[in-house]
Amino acid sequence: MKDVKIVAPRGDRTMLDVVENTLSRLEERNPAINAFTTVTAERARAQAQVLDKARGEGPALPLAGLTFAAKNLFDVQGEATAAGSVINLDLGPATQDSEAVRLMSEAGAILVGMTNMDEYAYGFTTENTHYGAVRNPHDYSRTAGGSSGGSAAVVAAGIVPLALGTDTNGSIRVPAACCGIFGLKPTFGRVSLNGAFPFIDRLDHAGPFAANSADLTAASLVLLGMTDEAAAIEALRVQLARSDRADGGLRVGILNGYFDRYMDDEVRSAFTSFTNALGTTTPVTLPYAEEIRAAAFLLTAREGGERHESALLQRYNDFDPNSRDRLTAGLLVQEEWLDQARRILDWARNQTESLFAECDIIIAPSTPCAAPLLGQDSMMLDGQEVPTRGSLGLFTQPLTPMGMPIVGAPLADSGDLPVGIQIIAPHNGEAMLLAFVSHLEDRGLLKAFGAEASV
Amino acid sequence: MTANRDTDVQEALRTRGFTLSADEVKKVEINYMRLRSIYDRICDWEPPTENKAGVKT
């Protein structure tokens, strides 16, 4: 599906037209990718009619005319929040929208459905036993990444221009890379998780997916409460464009060591082409990246297990086996292990200042390989056979605990499959980060995979 | 110090109230062993005094 087109309202089209067109695309394309778990058609039509009636009145809404989907862990009023499970269906319909869905809706975006995910967000491949695997829109035999795989896939398939996801260990950046689109993991704590089913309190983030930097920026500003800064970001982008350098004159560092070692040939080739084009060769080191990842792994296992212990005891066989065995093992993580993990994560959180001492922006690959085949249990990295599912987070997991804003972005120059990078800014540096991403897209270095047209 | 090698996964699960089949315990044990090996990699970690993140010249 390489001729993806994102359809946005133009001219005199009504919001209801936009919704009906979106629902038609959903009906046509979703069966092949299995990305939606719930379609909110009536809600979408009702909101469209309200917006059409109000057309021309009041201030312009920043996301007017855009439809979106939400990972099925964000509460949507009147719908059950499955969080990829069947157990949570017993909780019944949500009584109100989650904060992120509310913000998007109030900004004019129209929700058309909720998306498939790894059960309780514990995975990187969205191979969900209850709801089936999400298939990559660019190659149906491959994973869309996870755990927000459904949200990434519906954007990559051109069904909706925007989707909401969450990222605990890489669950926005990994699927963005596998599906060849953009996604923002914001600064920790900056986007509300109210009404989102939690995974790991210390690591959870909510953020948007989009097929281009303009939509990513628009949705990000809404979620961050920064819509007043749109003009300032545009001014920054223009300023970057005035530079005769591809890097816009910013000091851009490239994470080396651990991040260099585990790229496979396909990712390395695309990543090297990108850094050569950027003209950036400044190496930056994150010491103990492997240890930070290990600490995040242990914390996730233990706290994830504790969150679901009661349900595991009562309804063991109702869990997805892909998450159940790991959550249960996590309960056995000892206090001493957890204490050590927390020491490392506390230390890592304090490294951002030195990491950015001589850089404005830092770049790293998003995944060690392009999207693996569904059901692929292992792969070779750095001469070793490693488990596929956990290893997709090799490059995202060490960065999440540091809390920095990171855009997962698709390289324009990749092979037969998308390759993504992480573009990282200091804490609360979203404005510069989004302007820089837009600049790189303008320069032709970033582009949604297979995109022919954008909003 | 490496992880405690003596944890009996079946007993630990039973203590927490789980009544799992041998096959189910085995699957948990595989994952537990993986977590233990991950802890072994960080058990001796100490925060560095000077090895800060950043550009290396």
# chains A, B, ... in the order shown; residues from 1 in each chain; ligands from 1
>>> residues_around(residues="Ile254 in chain A", least_positions_apart="4", cutoff="10 Å", atoms="only C-alpha atoms", output="NGL selection string")
(:A and (259-260 or 275 or 280-285 or 359 or 361-365 or 423)) or (:B and (55))
>>> select_by_dssp(residues="range 134-351 of chain A", states="strand (DSSP E or B)", output="VMD selection string")
chain A and resid 135 to 136 139 to 143 162 to 167 182 to 185 196 205 to 210 252 to 255 282 to 285
>>> atom_distance(atom1="CA of Arg25 in chain A", atom2="CA of Gly146 in chain A")
22.6 Å
>>> interface_residues(of="chain A", to="chain B", cutoff="6 Å", atoms="only C-alpha atoms", output="JSON, numbers by chain")
{"A": [284, 285, 286, 287, 291, 294, 313, 325, 326, 329, 354, 355]}
>>> select_by_dssp(residues="range 27-62 of chain A", states="helix (DSSP H, G or I)", output="NGL selection string")
:A and (27-33 or 41-53)
>>> write_last_selection(atoms="C-alpha atoms", output="mmCIF file, in the first residue's frame")
data_model
loop_
_atom_site.group_PDB
_atom_site.id
_atom_site.type_symbol
_atom_site.label_atom_id
_atom_site.label_comp_id
_atom_site.auth_asym_id
_atom_site.auth_seq_id
_atom_site.Cartn_x
_atom_site.Cartn_y
_atom_site.Cartn_z
ATOM 1 C CA GLU A 27 -14.407 -0.140 6.121
ATOM 2 C CA GLU A 28 -12.278 -0.668 3.042
ATOM 3 C CA ARG A 29 -8.819 -0.845 4.630
ATOM 4 C CA ASN A 30 -9.231 -2.021 8.217
ATOM 5 C CA PRO A 31 -10.046 -5.678 7.454
ATOM 6 C CA ALA A 32 -6.563 -6.125 6.014
ATOM 7 C CA ILE A 33 -4.747 -4.578 8.966
ATOM 8 C CA ALA A 41 -19.427 6.064 13.857
ATOM 9 C CA GLU A 42 -22.482 7.555 15.531
ATOM 10 C CA ARG A 43 -20.429 9.735 17.833
ATOM 11 C CA ALA A 44 -18.378 10.892 14.842
ATOM 12 C CA ARG A 45 -21.446 11.773 12.794
ATOM 13 C CA ALA A 46 -23.030 13.600 15.719
ATOM 14 C CA GLN A 47 -19.896 15.658 16.360
ATOM 15 C CA ALA A 48 -19.584 16.434 12.652
ATOM 16 C CA GLN A 49 -23.137 17.729 12.545
ATOM 17 C CA VAL A 50 -22.507 19.955 15.568
ATOM 18 C CA LEU A 51 -19.352 21.333 13.941
ATOM 19 C CA ASP A 52 -21.110 21.865 10.607
ATOM 20 C CA LYS A 53 -23.879 23.818 12.310
#
>>> closest_residue(among="A:Gly420, A:Gly158, A:Gly330, A:Pro401", to="Pro368 in chain A", atoms="only C-alpha atoms")
A:Gly420
>>> atom_distance(atom1="CA of Leu250 in chain A", atom2="CA of Gly207 in chain A")
24.9 Å
